[in-house]
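> Pasting a structure below so you can have a look.
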Amino acid sequence: HMNLHRYTEDQLMSMHPAIWMTMIETAEIVADRYGVSREAQDEYSAESQRRTAEFQKKGYMAEEIAPLSTRMKLFDKATGKESYQDVICDRDECNRPGTTAETLAGLKPVFNGGQVIKEGKYITAGNASQLSDGAAAVVVMEAAEAAKRNIEPLGRFAGFNVAGCDPDEMGIGPVFAVPRLLERHGLTVDDIDL
């Protein structure tokens, strides 16, 4: 049971109810509003799964991951029994290497009952982000300090930008923010690399 006490603010809710819209509903709205077909989403998802599998197989980014020991809870659906297993988290464990656009096309949309969207058409368990935990550590320092310590920088932080969009299309904020950021620093997309 979820505590909904003061979950919304009455005046804002009456003026802008989409502020409380779920991310999955905004994804459905964005797909519909901007013509991002279910097929395009499934193809992109399948390619992402393929690339992840390839990167893991080749060991790319393995040196970027700090292995972590933890306990995983297991649930036997047949017996209802719960147990625990010691595991080492050393990779993204949510990818499914055999995924294809064809297998994804067989999945049903998962969303229903929203503020605007009553039945989803686009978002499935196969083309959406999974729920997962993660963490990152980043060291940021002045270029002069890095040189003094004989550290070769992996990148350069040039700036940031903020731009708003309607809450019912929450996922497209970067479409407005990135061009302004590039212009502010005299850059183009071609100047950006990993």
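We label chains A, B, ... in the order they appear in the structure tokens, count residues from 1 in each chain, and number ligands from 1 in the order shown.
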Which residues come within 9 Å of A:Ile123, counting only C-alpha atoms, excluding same-chain residues fewer than 4 positions away, as a ChimeraX atom specification?
/A:24-25,27-28,31,38,41,108-111,127-128
> Please save C-alpha atoms of the selected residues as a compact mmCIF listing (two decimals), in the first residue's frame.

# COMPACT_ATOMS: atom_id res chain seq x y z
CA ILE A 24 5.58 5.59 -18.73
CA GLU A 25 2.52 7.67 -19.63
CA ALA A 27 6.64 8.00 -22.96
CA GLU A 28 3.36 6.93 -24.57
CA ALA A 31 5.75 8.38 -28.99
CA ARG A 38 6.33 0.83 -31.88
CA GLN A 41 11.25 1.42 -30.61
CA LYS A 108 1.92 -6.43 -25.33
CA PRO A 109 2.00 -2.78 -24.22
CA VAL A 110 2.02 -2.55 -20.43
CA PHE A 111 0.45 0.82 -19.66
CA ASN A 127 11.50 -1.74 -25.18
CA ALA A 128 11.46 0.20 -21.90
> Might you pull out every residue within 6 Å of stretch 83-93 of chain A, with only C-alpha atoms counted and same-chain residues fewer than 4 positions away left off, and present them as a list in words?
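Counting only the stated atoms, we get Pro67, Leu68, Ser69, Thr70, Arg71, Met72, Lys73 and Leu74 of chain A.
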> Could you list, as a list of chain:residue names, every residue within 10 Å of A:Gly159, counting only C-alpha atoms and ignoring same-chain residues fewer than 5 positions away?
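In the requested format, the answer is A:Leu181, A:Leu182, A:Arg184, A:His185.
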> Take the residues from that selection and put them in a file with all heavy atoms, as a PDB file, in the first residue's frame.

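As written to disk, selection_11.pdb reads:
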ATOM      1  N   LEU A 181      22.953  24.899 -25.203  1.00  0.00           N
ATOM      2  CA  LEU A 181      24.257  24.667 -24.580  1.00  0.00           C
ATOM      3  C   LEU A 181      25.366  24.719 -25.629  1.00  0.00           C
ATOM      4  O   LEU A 181      26.398  25.372 -25.429  1.00  0.00           O
ATOM      5  CB  LEU A 181      24.275  23.307 -23.878  1.00  0.00           C
ATOM      6  CG  LEU A 181      25.604  22.884 -23.264  1.00  0.00           C
ATOM      7  CD1 LEU A 181      26.011  23.835 -22.143  1.00  0.00           C
ATOM      8  CD2 LEU A 181      25.513  21.459 -22.750  1.00  0.00           C
ATOM      9  N   LEU A 182      25.164  24.049 -26.761  1.00  0.00           N
ATOM     10  CA  LEU A 182      26.167  24.058 -27.824  1.00  0.00           C
ATOM     11  C   LEU A 182      26.402  25.476 -28.337  1.00  0.00           C
ATOM     12  O   LEU A 182      27.552  25.903 -28.510  1.00  0.00           O
ATOM     13  CB  LEU A 182      25.736  23.140 -28.967  1.00  0.00           C
ATOM     14  CG  LEU A 182      25.682  21.641 -28.646  1.00  0.00           C
ATOM     15  CD1 LEU A 182      25.054  20.876 -29.796  1.00  0.00           C
ATOM     16  CD2 LEU A 182      27.053  21.095 -28.313  1.00  0.00           C
ATOM     17  N   ARG A 184      25.897  28.308 -26.807  1.00  0.00           N
ATOM     18  CA  ARG A 184      26.541  29.114 -25.765  1.00  0.00           C
ATOM     19  C   ARG A 184      28.056  28.935 -25.753  1.00  0.00           C
ATOM     20  O   ARG A 184      28.808  29.847 -25.443  1.00  0.00           O
ATOM     21  CB  ARG A 184      25.966  28.737 -24.403  1.00  0.00           C
ATOM     22  CG  ARG A 184      26.549  29.558 -23.262  1.00  0.00           C
ATOM     23  CD  ARG A 184      26.031  29.132 -21.920  1.00  0.00           C
ATOM     24  NE  ARG A 184      24.598  29.340 -21.828  1.00  0.00           N
ATOM     25  CZ  ARG A 184      23.822  28.704 -20.957  1.00  0.00           C
ATOM     26  NH1 ARG A 184      24.341  27.830 -20.128  1.00  0.00           N
ATOM     27  NH2 ARG A 184      22.542  28.947 -20.916  1.00  0.00           N
ATOM     28  N   HIS A 185      28.522  27.742 -26.118  1.00  0.00           N
ATOM     29  CA  HIS A 185      29.956  27.440 -26.080  1.00  0.00           C
ATOM     30  C   HIS A 185      30.591  27.387 -27.467  1.00  0.00           C
ATOM     31  O   HIS A 185      31.740  26.970 -27.615  1.00  0.00           O
ATOM     32  CB  HIS A 185      30.188  26.134 -25.327  1.00  0.00           C
ATOM     33  CG  HIS A 185      29.844  26.245 -23.874  1.00  0.00           C
ATOM     34  ND1 HIS A 185      30.666  26.842 -22.962  1.00  0.00           N
ATOM     35  CD2 HIS A 185      28.720  25.891 -23.205  1.00  0.00           C
ATOM     36  CE1 HIS A 185      30.095  26.834 -21.770  1.00  0.00           C
ATOM     37  NE2 HIS A 185      28.913  26.263 -21.896  1.00  0.00           N
TER      38      HIS A 185
END
> As a PyMOL selection string, please: every residue in chain A that a backbone DSSP assignment puts in alpha helix (DSSP H).
chain A and resi 10-15+23-33+38-58+101-105+143-148+173-184
> Select, from A:Asn3, A:Asn112, A:Thr99, A:Ser48, the residue with the minimum atom-to-atom distance to A:Ser129, counting only C-alpha atoms.
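With only C-alpha atoms as the atom set, the closest residue is A:Ser48.
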> With only C-alpha atoms as the counted atoms, please give the residues lying no more than 12 Å from stretch 162-175 of chain A, apart from itself and same-chain residues fewer than 2 positions off, as a ChimeraX atom specification.
/A:16-34,114-117,159-160,177-182
> Per residue of stretch 95-171 of chain A within 12 Å of stretch 53-57 of chain A, what are the shortest atom pair and its distance in Å to one decimal, counting only C-alpha atoms, with rows by chain and residue number, as a Markdown table?

| residue | atom | partner | partner_atom | distance |
| --- | --- | --- | --- | --- |
| A:Asn95 | CA | A:Ala53 | CA | 7.2 |
| A:Arg96 | CA | A:Ala53 | CA | 7.6 |
| A:Pro97 | CA | A:Ala53 | CA | 5.3 |
| A:Gly98 | CA | A:Ala53 | CA | 8.8 |
| A:Thr99 | CA | A:Ala53 | CA | 10.1 |
> With only C-alpha atoms as the atoms that count, which of A:Glu102, A:Asp10, A:Glu142, A:Glu82 lies nearest to A:Ala40?
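Checking each of A:Glu102, A:Asp10, A:Glu142, A:Glu82 against A:Ala40, counting only C-alpha atoms, the winner is A:Glu102.
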